[in-house]
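Source file my_file.txt; content: compact mmCIF, C-alpha atoms.
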```
# COMPACT_ATOMS: atom_id res chain seq x y z
CA MET Q 16 13.49 -4.19 6.28
CA MET Q 17 15.55 -4.87 9.44
CA GLN Q 18 13.84 -2.02 11.30
CA ALA Q 19 10.42 -3.28 10.19
CA GLU Q 20 11.16 -6.82 11.30
CA ALA Q 21 12.42 -5.58 14.67
CA SER Q 22 9.23 -3.60 15.28
CA ASP Q 23 7.01 -6.46 14.13
CA SER Q 24 8.77 -8.85 16.50
CA LEU Q 25 6.91 -7.06 19.32
CA LEU Q 26 3.58 -8.19 17.85
CA ARG Q 27 2.07 -11.59 18.58
CA ARG Q 28 1.42 -13.82 15.54
CA GLU Q 29 -2.10 -15.00 16.35
CA ILE Q 30 -3.62 -15.19 12.84
CA GLY Q 31 -3.61 -18.45 10.86
CA LYS Q 32 -4.93 -19.44 7.40
CA ILE Q 33 -8.56 -19.50 8.57
CA GLY Q 34 -8.05 -16.07 10.10
CA VAL Q 35 -6.57 -14.76 6.83
CA GLY Q 36 -9.61 -15.97 4.89
CA THR Q 37 -12.00 -14.63 7.50
CA ILE Q 38 -10.37 -11.20 7.50
CA ALA Q 39 -10.45 -11.05 3.70
CA MET Q 40 -14.08 -12.21 3.59
CA ASN Q 41 -15.21 -9.73 6.23
CA GLY Q 42 -13.30 -6.97 4.50
CA VAL Q 43 -15.26 -7.60 1.29
CA ILE Q 44 -18.73 -8.70 2.43
CA GLY Q 45 -20.22 -5.67 4.13
CA SER Q 46 -22.97 -3.22 3.39
CA GLY Q 47 -22.36 -3.26 -0.38
CA ILE Q 48 -23.96 -6.58 -1.31
CA PHE Q 49 -27.09 -5.73 0.70
CA ALA Q 50 -27.75 -2.47 -1.18
CA LEU Q 51 -26.00 -2.49 -4.56
CA PRO Q 52 -27.97 -5.29 -6.32
CA ALA Q 53 -30.84 -2.80 -6.70
CA VAL Q 54 -28.49 -0.24 -8.26
CA ALA Q 55 -27.25 -2.92 -10.67
CA ILE Q 56 -30.82 -3.77 -11.70
CA ALA Q 57 -31.71 -0.11 -12.22
CA GLN Q 58 -28.69 0.45 -14.46
CA THR Q 59 -28.31 -2.83 -16.37
CA GLY Q 60 -31.42 -4.95 -15.70
CA TYR Q 61 -31.06 -8.64 -16.53
CA PHE Q 62 -27.45 -8.04 -17.59
CA SER Q 63 -26.56 -7.21 -13.96
CA PRO Q 64 -25.27 -10.72 -13.08
CA TRP Q 65 -22.79 -10.39 -15.95
CA VAL Q 66 -21.64 -7.06 -14.48
CA PHE Q 67 -20.94 -8.84 -11.20
CA ILE Q 68 -18.93 -11.44 -13.11
CA LEU Q 69 -16.89 -8.70 -14.81
CA CYS Q 70 -16.25 -7.04 -11.44
CA GLY Q 71 -15.18 -10.41 -10.07
CA LEU Q 72 -12.70 -10.92 -12.90
CA LEU Q 73 -11.28 -7.43 -12.42
CA ILE Q 74 -10.85 -7.83 -8.68
CA LEU Q 75 -9.37 -11.30 -9.22
CA SER Q 76 -6.65 -9.83 -11.44
CA VAL Q 77 -5.84 -7.38 -8.65
CA ALA Q 78 -5.98 -10.08 -5.96
CA LEU Q 79 -3.68 -12.39 -7.93
CA THR Q 80 -1.17 -9.58 -8.32
CA LEU Q 81 -1.24 -8.69 -4.63
CA ALA Q 82 -1.05 -12.38 -3.70
CA ARG Q 83 2.16 -12.66 -5.69
CA THR Q 84 3.48 -9.49 -4.08
CA ALA Q 85 2.54 -10.69 -0.58
CA GLY Q 86 4.73 -13.76 -1.04
CA PHE Q 87 7.81 -11.53 -0.73
CA PHE Q 88 6.87 -9.97 2.65
CA ASP Q 89 5.87 -11.03 6.15
CA ILE Q 90 5.78 -7.65 7.89
CA THR Q 91 2.84 -5.52 9.00
CA GLY Q 92 1.56 -2.95 6.51
CA GLY Q 93 1.04 -4.93 3.31
CA PRO Q 94 0.63 -2.30 0.56
CA VAL Q 95 2.75 0.17 2.55
CA ALA Q 96 5.65 -2.27 2.52
CA TYR Q 97 5.22 -3.05 -1.20
CA THR Q 98 5.17 0.53 -2.46
CA THR Q 99 7.87 1.68 -0.04
CA HIS Q 100 10.22 -0.99 -1.33
CA ALA Q 101 9.47 -0.13 -4.96
CA PHE Q 102 9.17 3.65 -4.92
CA GLY Q 103 10.50 4.90 -1.60
CA ARG Q 104 9.07 6.10 1.70
CA TYR Q 105 7.05 9.01 0.32
CA VAL Q 106 4.98 6.88 -2.08
CA GLY Q 107 4.70 4.16 0.56
CA PHE Q 108 3.37 6.70 3.02
CA GLN Q 109 0.83 8.09 0.56
CA THR Q 110 -0.34 4.55 -0.29
CA GLY Q 111 -0.82 3.78 3.37
CA LEU Q 112 -2.64 7.06 3.93
CA LEU Q 113 -5.03 6.41 1.03
CA ILE Q 114 -5.90 2.93 2.30
CA TYR Q 115 -6.16 4.19 5.87
CA VAL Q 116 -8.58 6.98 4.97
CA SER Q 117 -10.65 4.55 2.90
CA ARG Q 118 -10.88 2.14 5.82
CA VAL Q 119 -11.77 4.82 8.35
CA ALA Q 120 -14.42 6.13 5.95
CA ALA Q 121 -15.79 2.59 5.60
CA ILE Q 122 -15.95 2.19 9.40
CA ALA Q 123 -17.82 5.49 9.64
CA ALA Q 124 -20.17 4.51 6.80
CA SER Q 125 -20.89 1.16 8.45
CA ALA Q 126 -21.64 2.85 11.76
CA ASN Q 127 -24.11 5.15 10.03
CA LEU Q 128 -25.80 2.27 8.25
CA ILE Q 129 -26.09 -0.03 11.25
CA VAL Q 130 -27.60 2.75 13.38
CA SER Q 131 -30.02 3.57 10.55
CA TYR Q 132 -31.24 -0.05 10.52
CA ALA Q 133 -31.53 0.02 14.30
CA ALA Q 134 -33.69 3.15 13.99
CA ALA Q 135 -36.40 0.96 12.48
CA LEU Q 136 -36.63 -0.73 15.87
CA TRP Q 137 -36.32 2.47 17.94
CA ALA Q 138 -37.24 5.67 16.09
CA PRO Q 139 -35.19 8.17 18.18
CA LEU Q 140 -32.00 6.64 16.72
CA ALA Q 141 -32.84 8.20 13.36
CA SER Q 142 -31.39 11.59 14.27
CA GLY Q 143 -30.07 13.93 16.91
CA ALA Q 144 -28.24 13.04 20.13
CA PRO Q 145 -29.49 9.40 20.29
CA LYS Q 146 -28.05 8.71 16.83
CA ILE Q 147 -24.70 10.30 17.70
CA ALA Q 148 -24.57 8.40 21.00
CA ALA Q 149 -25.34 5.11 19.22
CA ILE Q 150 -22.62 5.69 16.61
CA ILE Q 151 -20.04 6.57 19.26
CA GLY Q 152 -21.09 3.62 21.43
CA TYR Q 153 -20.89 1.16 18.54
CA ILE Q 154 -17.44 2.29 17.39
CA SER Q 155 -16.19 2.40 20.99
CA ILE Q 156 -17.12 -1.24 21.60
CA ALA Q 157 -15.45 -2.38 18.37
CA THR Q 158 -12.35 -0.32 19.19
CA LEU Q 159 -11.99 -1.74 22.71
CA LEU Q 160 -12.41 -5.32 21.46
CA ASN Q 161 -9.44 -4.86 19.15
CA ALA Q 162 -7.39 -2.99 21.76
CA VAL Q 163 -7.71 -5.95 24.15
CA GLY Q 164 -5.80 -8.12 21.69
CA VAL Q 165 -5.81 -9.76 18.26
CA ARG Q 166 -7.28 -12.96 19.72
CA ALA Q 167 -10.30 -11.15 21.18
CA GLY Q 168 -10.89 -9.19 18.00
CA MET Q 169 -10.58 -12.29 15.81
CA ALA Q 170 -12.91 -14.33 18.05
CA MET Q 171 -15.67 -11.77 17.54
CA VAL Q 172 -14.92 -11.65 13.79
CA TYR Q 173 -15.34 -15.46 13.57
CA VAL Q 174 -18.71 -15.35 15.34
CA ILE Q 175 -20.04 -12.52 13.20
CA SER Q 176 -18.77 -14.22 10.03
CA ILE Q 177 -21.04 -17.21 10.65
CA LEU Q 178 -24.01 -14.98 11.45
CA LYS Q 179 -23.53 -12.86 8.33
CA LEU Q 180 -22.99 -15.74 5.88
CA ALA Q 181 -25.87 -17.96 6.99
CA PRO Q 182 -28.73 -15.76 5.63
CA LEU Q 183 -26.87 -15.15 2.35
CA ILE Q 184 -26.35 -18.88 1.82
CA LEU Q 185 -30.00 -19.49 2.69
CA LEU Q 186 -31.10 -16.89 0.11
CA ILE Q 187 -29.02 -18.58 -2.61
CA PHE Q 188 -30.33 -22.04 -1.68
CA VAL Q 189 -34.01 -21.02 -1.61
CA GLY Q 190 -33.83 -18.71 -4.63
CA PHE Q 191 -31.75 -20.92 -6.94
CA PRO Q 192 -34.77 -22.79 -8.43
CA HIS Q 193 -36.32 -19.43 -9.35
CA ILE Q 194 -33.40 -18.18 -11.47
CA GLU Q 195 -34.50 -17.12 -14.97
CA TRP Q 196 -31.51 -18.41 -16.92
CA ALA Q 197 -32.96 -17.52 -20.35
CA GLY Q 198 -33.59 -13.90 -19.38
CA VAL Q 199 -30.06 -13.45 -18.10
CA ALA Q 200 -28.47 -15.24 -21.07
CA GLY Q 201 -30.38 -13.10 -23.56
CA ALA Q 202 -30.03 -9.77 -21.75
CA ASP Q 203 -29.17 -6.66 -23.76
CA ILE Q 204 -25.56 -5.57 -23.39
CA PRO Q 205 -25.28 -1.98 -22.08
CA GLY Q 206 -23.03 0.66 -23.64
CA THR Q 207 -19.44 1.11 -22.54
CA GLU Q 208 -20.15 4.22 -20.46
CA THR Q 209 -23.10 2.62 -18.65
CA LEU Q 210 -21.04 -0.53 -18.04
CA GLY Q 211 -18.08 1.44 -16.68
CA GLN Q 212 -20.22 3.54 -14.35
CA SER Q 213 -22.08 0.46 -13.09
CA MET Q 214 -18.86 -1.43 -12.41
CA LEU Q 215 -17.40 1.57 -10.56
CA VAL Q 216 -20.39 1.57 -8.21
CA LEU Q 217 -20.51 -2.21 -7.78
CA MET Q 218 -16.79 -2.40 -7.00
CA TYR Q 219 -17.62 -1.16 -3.51
CA ALA Q 220 -19.04 -4.63 -2.86
CA PHE Q 221 -15.74 -6.27 -3.90
CA ILE Q 222 -13.03 -4.13 -2.30
CA GLY Q 223 -11.51 -4.86 1.10
CA PHE Q 224 -9.73 -8.18 0.56
CA GLU Q 225 -6.39 -6.44 1.12
CA PHE Q 226 -7.19 -6.39 4.85
CA SER Q 227 -5.50 -9.76 5.17
CA LEU Q 228 -2.26 -8.31 3.75
CA ILE Q 229 -2.03 -5.49 6.26
CA ALA Q 230 -1.86 -7.77 9.31
CA ALA Q 231 0.98 -9.93 7.90
CA GLY Q 232 3.15 -9.08 10.91
CA GLU Q 233 0.62 -10.89 13.13
CA THR Q 234 0.04 -13.83 10.74
CA ARG Q 235 1.71 -17.22 11.11
CA ASN Q 236 3.78 -18.19 8.02
CA ALA Q 237 2.50 -15.06 6.28
CA ARG Q 238 4.40 -15.54 3.01
CA THR Q 239 2.67 -18.84 2.30
CA ALA Q 240 -0.58 -18.52 4.28
CA ILE Q 241 -1.77 -15.23 2.81
CA PRO Q 242 -1.45 -15.55 -1.02
CA ARG Q 243 -3.37 -18.77 -1.71
CA THR Q 244 -5.98 -18.12 0.97
CA LEU Q 245 -6.53 -14.61 -0.38
CA VAL Q 246 -7.14 -15.77 -3.95
CA GLY Q 247 -9.44 -18.60 -2.87
CA THR Q 248 -11.51 -16.24 -0.76
CA VAL Q 249 -11.89 -13.67 -3.56
CA VAL Q 250 -13.01 -16.38 -6.02
CA ALA Q 251 -15.57 -17.77 -3.56
CA ILE Q 252 -17.00 -14.31 -2.84
CA SER Q 253 -17.27 -13.47 -6.54
CA VAL Q 254 -19.19 -16.70 -7.25
CA ALA Q 255 -21.51 -16.07 -4.28
CA TYR Q 256 -22.20 -12.49 -5.39
CA THR Q 257 -23.08 -13.62 -8.91
CA LEU Q 258 -25.48 -16.26 -7.59
CA ILE Q 259 -27.11 -13.70 -5.29
CA GLN Q 260 -27.60 -11.27 -8.18
CA LEU Q 261 -29.07 -14.05 -10.33
CA VAL Q 262 -31.65 -14.68 -7.61
CA ILE Q 263 -32.35 -10.98 -7.03
CA VAL Q 264 -32.92 -10.05 -10.68
CA SER Q 265 -35.02 -13.17 -11.29
CA VAL Q 266 -37.31 -12.76 -8.28
CA GLY Q 267 -37.21 -8.96 -7.99
CA SER Q 268 -36.56 -7.41 -11.40
CA ASP Q 269 -38.82 -4.55 -10.28
CA LEU Q 270 -36.68 -3.69 -7.26
CA GLY Q 271 -34.37 -1.19 -8.96
CA THR Q 272 -35.33 1.53 -6.49
CA SER Q 273 -35.38 -0.65 -3.36
CA GLU Q 274 -33.15 0.39 -0.45
CA ALA Q 275 -33.09 -3.19 0.85
CA PRO Q 276 -33.37 -5.50 -2.19
CA LEU Q 277 -32.16 -8.67 -0.47
CA VAL Q 278 -34.63 -8.21 2.36
CA ASP Q 279 -37.46 -7.60 -0.12
CA VAL Q 280 -36.59 -10.72 -2.13
CA ALA Q 281 -36.26 -12.80 1.04
CA LYS Q 282 -39.76 -11.68 2.04
CA ARG Q 283 -41.12 -12.80 -1.34
CA LEU Q 284 -39.39 -16.18 -1.11
CA MET Q 285 -39.66 -16.95 2.61
CA GLY Q 286 -42.15 -14.52 4.09
CA PRO Q 287 -41.59 -12.27 7.13
CA ALA Q 288 -39.21 -14.80 8.73
CA GLY Q 289 -36.92 -14.63 5.69
CA ALA Q 290 -37.00 -10.85 5.71
CA LEU Q 291 -36.06 -10.84 9.40
CA ALA Q 292 -33.15 -13.25 8.76
CA LEU Q 293 -31.76 -11.05 5.98
CA GLY Q 294 -32.29 -7.95 8.11
CA LEU Q 295 -30.19 -9.50 10.87
CA GLY Q 296 -27.66 -10.48 8.20
CA VAL Q 297 -27.25 -6.81 7.35
CA VAL Q 298 -26.51 -5.96 10.97
CA PHE Q 299 -23.94 -8.75 11.36
CA SER Q 300 -22.42 -8.09 7.95
CA VAL Q 301 -21.87 -4.41 8.65
CA GLY Q 302 -20.66 -5.23 12.15
CA GLY Q 303 -18.17 -7.78 10.89
CA GLY Q 304 -16.80 -5.33 8.35
CA SER Q 305 -16.31 -2.68 11.02
CA LEU Q 306 -14.53 -5.08 13.37
CA THR Q 307 -12.22 -6.19 10.56
CA SER Q 308 -11.48 -2.58 9.60
CA LEU Q 309 -10.63 -1.73 13.20
CA LEU Q 310 -8.39 -4.81 13.31
CA THR Q 311 -6.42 -3.88 10.21
CA ALA Q 312 -6.55 -0.09 9.68
CA PRO Q 313 -4.53 0.70 12.86
CA ARG Q 314 -1.79 -1.60 11.55
CA LEU Q 315 -1.26 0.91 8.75
CA THR Q 316 -0.47 3.79 11.09
CA PHE Q 317 1.68 1.37 13.10
CA ALA Q 318 3.60 0.48 9.94
CA LEU Q 319 4.01 4.11 8.91
CA SER Q 320 5.29 4.96 12.39
CA ARG Q 321 7.64 2.00 12.23
CA ASP Q 322 9.07 3.39 8.98
CA GLY Q 323 9.51 6.88 10.48
CA SER Q 324 6.76 8.53 8.42
CA LEU Q 325 4.48 9.14 11.42
CA PRO Q 326 5.31 10.06 15.04
CA SER Q 327 6.54 7.16 17.17
CA TRP Q 328 3.38 7.48 19.30
CA PHE Q 329 1.49 5.49 16.65
CA GLY Q 330 4.00 2.65 16.90
CA LYS Q 331 3.61 2.01 20.64
CA VAL Q 332 2.80 -1.66 21.35
CA ASN Q 333 1.00 -2.52 24.59
CA GLU Q 334 3.14 -4.93 26.64
CA LYS Q 335 0.18 -7.02 27.79
CA SER Q 336 -2.05 -7.25 24.70
CA ARG Q 337 0.86 -6.95 22.22
CA THR Q 338 -1.28 -4.71 20.01
CA PRO Q 339 -0.56 -1.21 18.60
CA VAL Q 340 -2.96 0.28 21.11
CA ASN Q 341 -2.40 3.97 20.32
CA SER Q 342 -3.06 3.39 16.62
CA ILE Q 343 -6.22 1.46 17.46
CA LEU Q 344 -7.58 4.18 19.74
CA PHE Q 345 -6.75 6.94 17.23
CA CYS Q 346 -8.54 5.01 14.48
CA GLY Q 347 -11.62 4.68 16.67
CA VAL Q 348 -11.74 8.40 17.46
CA PHE Q 349 -11.12 9.37 13.81
CA SER Q 350 -13.93 7.03 12.71
CA MET Q 351 -16.32 8.58 15.22
CA GLY Q 352 -15.54 12.06 13.90
CA LEU Q 353 -16.27 11.09 10.28
CA ALA Q 354 -19.35 9.07 11.21
CA VAL Q 355 -21.09 11.92 13.02
CA SER Q 356 -20.12 14.59 10.46
CA HIS Q 357 -20.84 12.88 7.11
CA GLY Q 358 -23.50 10.68 5.54
CA PHE Q 359 -23.32 7.14 4.19
CA VAL Q 360 -23.13 7.96 0.45
CA TRP Q 361 -20.31 10.50 0.84
CA LEU Q 362 -18.29 8.06 2.94
CA VAL Q 363 -18.83 5.15 0.51
CA THR Q 364 -17.72 7.26 -2.45
CA LEU Q 365 -14.57 8.33 -0.66
CA SER Q 366 -13.74 4.78 0.39
CA THR Q 367 -14.11 3.24 -3.08
CA PHE Q 368 -12.21 5.79 -5.13
CA VAL Q 369 -9.12 6.09 -2.96
CA ARG Q 370 -8.94 2.29 -2.66
CA LEU Q 371 -8.75 1.94 -6.45
CA LEU Q 372 -5.86 4.43 -6.46
CA SER Q 373 -4.01 2.35 -3.86
CA TYR Q 374 -4.60 -0.84 -5.88
CA ALA Q 375 -2.99 0.79 -8.93
CA LEU Q 376 0.06 1.80 -6.87
CA CYS Q 377 0.43 -1.70 -5.43
CA ILE Q 378 0.23 -3.34 -8.85
CA ALA Q 379 2.82 -0.92 -10.21
CA SER Q 380 5.24 -1.91 -7.43
CA LEU Q 381 5.43 -5.62 -8.41
CA PRO Q 382 7.97 -5.33 -11.29
CA LYS Q 383 10.53 -3.62 -9.01
CA ILE Q 384 9.89 -6.16 -6.23
CA GLU Q 385 10.38 -9.06 -8.66
CA LYS Q 386 13.76 -7.66 -9.69
CA THR Q 387 15.12 -6.86 -6.23
CA ILE Q 388 13.88 -9.66 -3.94
CA ALA Q 389 14.79 -13.29 -4.52
CA THR Q 390 12.00 -15.81 -5.00
CA GLU Q 391 11.80 -18.57 -2.38
CA ALA Q 392 10.79 -22.20 -2.80
CA GLY Q 393 7.03 -22.74 -2.63
CA GLN Q 394 6.28 -19.08 -3.19
CA PHE Q 395 3.02 -18.14 -4.94
CA GLN Q 396 3.61 -17.84 -8.70
CA LEU Q 397 1.74 -16.14 -11.54
CA ARG Q 398 1.74 -17.77 -14.96
CA GLY Q 399 2.54 -15.40 -17.78
CA GLY Q 400 4.80 -13.17 -15.73
CA LEU Q 401 3.42 -9.63 -15.63
CA ILE Q 402 0.48 -10.22 -18.00
CA ILE Q 403 -2.15 -10.54 -15.25
CA PRO Q 404 -0.76 -7.57 -13.27
CA GLY Q 405 -0.76 -5.53 -16.48
CA ILE Q 406 -4.40 -6.38 -17.16
CA GLY Q 407 -5.36 -5.56 -13.58
CA PHE Q 408 -3.53 -2.23 -13.74
CA LEU Q 409 -5.21 -1.15 -16.99
CA LEU Q 410 -8.68 -2.21 -15.82
CA THR Q 411 -8.23 -0.32 -12.55
CA LEU Q 412 -7.23 2.85 -14.41
CA TRP Q 413 -10.22 2.36 -16.73
CA LEU Q 414 -12.60 2.28 -13.76
CA ILE Q 415 -10.92 5.30 -12.15
CA SER Q 416 -11.55 7.26 -15.36
CA TYR Q 417 -15.31 7.08 -14.69
CA SER Q 418 -14.98 8.87 -11.35
CA THR Q 419 -16.22 12.40 -10.78
CA ILE Q 420 -14.11 15.52 -10.39
CA ASP Q 421 -15.09 15.60 -6.72
CA ASN Q 422 -13.40 12.23 -6.22
CA PHE Q 423 -10.17 13.55 -7.68
CA LEU Q 424 -10.35 16.70 -5.55
CA ILE Q 425 -10.76 14.62 -2.38
CA ALA Q 426 -7.82 12.43 -3.37
CA GLY Q 427 -5.73 15.53 -4.09
CA LEU Q 428 -6.57 16.92 -0.65
CA ILE Q 429 -5.53 13.64 1.00
CA VAL Q 430 -2.20 13.70 -0.86
CA ALA Q 431 -1.61 17.37 0.03
CA VAL Q 432 -2.31 16.80 3.73
CA GLY Q 433 -0.22 13.65 3.61
CA THR Q 434 2.70 15.54 2.11
CA ILE Q 435 2.66 18.02 4.99
CA ILE Q 436 2.48 15.22 7.56
CA PHE Q 437 5.28 13.29 5.86
CA TRP Q 438 7.50 16.36 5.57
CA SER Q 439 7.05 17.33 9.22
CA SER Q 440 7.54 13.77 10.48
CA THR Q 441 10.65 12.97 8.44
CA ARG Q 442 12.32 16.28 9.36
CA ARG Q 443 12.31 15.37 13.04
CA PRO Q 444 15.81 14.72 14.39
CA SER Q 445 16.57 11.01 14.33
CA THR Q 446 18.33 9.12 17.09
CA PRO Q 447 21.67 7.47 16.15
CA GLU Q 448 20.02 4.06 16.53
CA LYS Q 449 17.21 4.89 14.07
CA SER Q 450 19.62 6.41 11.60
CA ALA Q 451 21.75 3.28 11.70
CA GLN Q 452 18.69 1.08 11.23
CA ARG Q 453 17.57 3.04 8.14
CA ARG Q 454 21.04 2.80 6.58
CA THR Q 455 20.83 -1.01 6.82
CA ARG Q 456 17.56 -1.14 4.86
CA PRO Q 457 17.75 -2.05 1.15
```
As structure tokens, how would this structure be written, given the file I've shared?
Amino acid sequence: MMQAEASDSLLRREIGKIGVGTIAMNGVIGSGIFALPAVAIAQTGYFSPWVFILCGLLILSVALTLARTAGFFDITGGPVAYTTHAFGRYVGFQTGLLIYVSRVAAIAASANLIVSYAAALWAPLASGAPKIAAIIGYISIATLLNAVGVRAGMAMVYVISILKLAPLILLIFVGFPHIEWAGVAGADIPGTETLGQSMLVLMYAFIGFEFSLIAAGETRNARTAIPRTLVGTVVAISVAYTLIQLVIVSVGSDLGTSEAPLVDVAKRLMGPAGALALGLGVVFSVGGGSLTSLLTAPRLTFALSRDGSLPSWFGKVNEKSRTPVNSILFCGVFSMGLAVSHGFVWLVTLSTFVRLLSYALCIASLPKIEKTIATEAGQFQLRGGLIIPGIGFLLTLWLISYSTIDNFLIAGLIVAVGTIIFWSSTRRPSTPEKSAQRRTRP
């Protein structure tokens, strides 16, 4: 812990409570809510709003658990710090690697999606060199914004947050009178397998709130600011998603095959102007998610370097911007590589599955943390002890069980590659100073 705190002291604490909520919100609200309502309708029809509620309850159990865990730490890395403390550096490294790969995959997926939407305005962007150039240009801009400093990156995140939320709120407001409450209340309940598969897909719209945990080393009063803000944000997003799905299934129950269900419903409710507003919302939503990912994902490689699990190059902090600039630039280049070599669906599948695995590891770390770190006054508490974490853990494993064999193979490959990287990094000769620092850690 002493080594981690020393490294984090180089970072500038620029993020407050509003920033925590904004990071969590942008991490969750991305491309998922603009595409997945149609999938939900196709699979569960008028029961789909209830599926969103169930997903919200599941993710809330995970968020409550991580909020409790976050109250014990104020260092960069979030889940990396939790699992390292509970299970050691190897598990901590693998947790960080899983989350990192999921975030880079999400950045790449977002870049693909935003360029695809832009292709509707300029056809050459649909393929070939123009598409690759647009993807690289988009990720480069987002990377440089975050490399300049946390303040610059957060300023852009705030602006995009307003632009992405406005059309969603407008859709709820205009569509609320059209909700068919009786149809939703009397909807047929799907079978367990259909429900599990639907929830696994829809969870992509809910994951990402853990972004606010990763940047704890750059958050003011992290132990108190993060937990309550995190839970409040997750609850608000879950309610908003349910209301959106109520509107979508009521106005567009025939849109199960639509690639842009929110845009189609907005056109029915508000005409071409509404469709344009929701279309712009997609662009800003995806853009905000990418900026947030590029703000937080590099902090994972910084944290792993800080702990000696990655080369020290990833832990270099720029003296002027006080940001982990090498980690940020590497993340940008890695994202570009994935974005130009894989499609949206493949990237989304990778991102969701490995994130669920990391959630399970984080939940499993709480009992050890509770036993070994003293609770402070005013710290976020969970009623019922480990009941909520236990429920969240079992539900997460239940969802993972509906994944395909390909998902498990990809995860196995990530772990295998990670093991090689960890082994080679930790076998490097340590300086006397680093060895002394590690001996002082609990």
### Query
Quick one: distance from CA of Ile150 in chain Q to CA of Ala126 in chain Q in Å, one decimal?
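About the pair CA of Ile150 in chain Q and CA of Ala126 in chain Q: they are 5.7 Å apart.
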### Query
What is the distance between CA of Ala312 in chain Q and CA of Val119 in chain Q, in Å to one decimal?
7.3 Å
Find the residues of range 145-165 of chain Q that sit at most 12 Å from range 349-358 of chain Q; for each, write down the nearest two atoms and how far apart they are in Å, to one decimal. Count all atoms listed in the file. Sort by chain, then by number going up, and give it as JSON lines.
```
{"residue": "Q:Pro145", "atom": "CA", "partner": "Q:Val355", "partner_atom": "CA", "distance": 11.4}
{"residue": "Q:Lys146", "atom": "CA", "partner": "Q:Val355", "partner_atom": "CA", "distance": 8.6}
{"residue": "Q:Ile147", "atom": "CA", "partner": "Q:Val355", "partner_atom": "CA", "distance": 6.1}
{"residue": "Q:Ala148", "atom": "CA", "partner": "Q:Val355", "partner_atom": "CA", "distance": 9.4}
{"residue": "Q:Ala149", "atom": "CA", "partner": "Q:Val355", "partner_atom": "CA", "distance": 10.1}
{"residue": "Q:Ile150", "atom": "CA", "partner": "Q:Met351", "partner_atom": "CA", "distance": 7.1}
{"residue": "Q:Ile151", "atom": "CA", "partner": "Q:Met351", "partner_atom": "CA", "distance": 5.8}
{"residue": "Q:Gly152", "atom": "CA", "partner": "Q:Met351", "partner_atom": "CA", "distance": 9.3}
{"residue": "Q:Tyr153", "atom": "CA", "partner": "Q:Met351", "partner_atom": "CA", "distance": 9.3}
{"residue": "Q:Ile154", "atom": "CA", "partner": "Q:Met351", "partner_atom": "CA", "distance": 6.7}
{"residue": "Q:Ser155", "atom": "CA", "partner": "Q:Met351", "partner_atom": "CA", "distance": 8.5}
{"residue": "Q:Ile156", "atom": "CA", "partner": "Q:Met351", "partner_atom": "CA", "distance": 11.7}
{"residue": "Q:Ala157", "atom": "CA", "partner": "Q:Ser350", "partner_atom": "CA", "distance": 11.1}
{"residue": "Q:Thr158", "atom": "CA", "partner": "Q:Ser350", "partner_atom": "CA", "distance": 9.9}
```
Save the residues we just selected, C-alpha atoms, as a PDB file, in the coordinates of the input?
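Dumped to again_5.pdb:
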```
ATOM      1  CA  PRO Q 145     -29.490   9.400  20.290  1.00  0.00           C
ATOM      2  CA  LYS Q 146     -28.050   8.710  16.830  1.00  0.00           C
ATOM      3  CA  ILE Q 147     -24.700  10.300  17.700  1.00  0.00           C
ATOM      4  CA  ALA Q 148     -24.570   8.400  21.000  1.00  0.00           C
ATOM      5  CA  ALA Q 149     -25.340   5.110  19.220  1.00  0.00           C
ATOM      6  CA  ILE Q 150     -22.620   5.690  16.610  1.00  0.00           C
ATOM      7  CA  ILE Q 151     -20.040   6.570  19.260  1.00  0.00           C
ATOM      8  CA  GLY Q 152     -21.090   3.620  21.430  1.00  0.00           C
ATOM      9  CA  TYR Q 153     -20.890   1.160  18.540  1.00  0.00           C
ATOM     10  CA  ILE Q 154     -17.440   2.290  17.390  1.00  0.00           C
ATOM     11  CA  SER Q 155     -16.190   2.400  20.990  1.00  0.00           C
ATOM     12  CA  ILE Q 156     -17.120  -1.240  21.600  1.00  0.00           C
ATOM     13  CA  ALA Q 157     -15.450  -2.380  18.370  1.00  0.00           C
ATOM     14  CA  THR Q 158     -12.350  -0.320  19.190  1.00  0.00           C
TER      15      THR Q 158
END
```
### Message
I want to know what sits within 10 Å of range 398-408 of chain Q, based on all atoms listed in the file, with residues of the same chain fewer than 4 positions away left out; could you give that as JSON, numbers by chain?
### Response
{"Q": [72, 73, 74, 75, 76, 77, 78, 79, 80, 81, 83, 371, 374, 375, 376, 377, 378, 379, 381, 382, 385, 412, 413]}
Selection file, C-alpha atoms, as a CSV table (one decimal), in the coordinates of the input:
```csv
chain,number,residue,atom,x,y,z
Q,72,LEU,CA,-12.7,-10.9,-12.9
Q,73,LEU,CA,-11.3,-7.4,-12.4
Q,74,ILE,CA,-10.8,-7.8,-8.7
Q,75,LEU,CA,-9.4,-11.3,-9.2
Q,76,SER,CA,-6.6,-9.8,-11.4
Q,77,VAL,CA,-5.8,-7.4,-8.6
Q,78,ALA,CA,-6.0,-10.1,-6.0
Q,79,LEU,CA,-3.7,-12.4,-7.9
Q,80,THR,CA,-1.2,-9.6,-8.3
Q,81,LEU,CA,-1.2,-8.7,-4.6
Q,83,ARG,CA,2.2,-12.7,-5.7
Q,371,LEU,CA,-8.8,1.9,-6.4
Q,374,TYR,CA,-4.6,-0.8,-5.9
Q,375,ALA,CA,-3.0,0.8,-8.9
Q,376,LEU,CA,0.1,1.8,-6.9
Q,377,CYS,CA,0.4,-1.7,-5.4
Q,378,ILE,CA,0.2,-3.3,-8.8
Q,379,ALA,CA,2.8,-0.9,-10.2
Q,381,LEU,CA,5.4,-5.6,-8.4
Q,382,PRO,CA,8.0,-5.3,-11.3
Q,385,GLU,CA,10.4,-9.1,-8.7
Q,412,LEU,CA,-7.2,2.8,-14.4
Q,413,TRP,CA,-10.2,2.4,-16.7
```
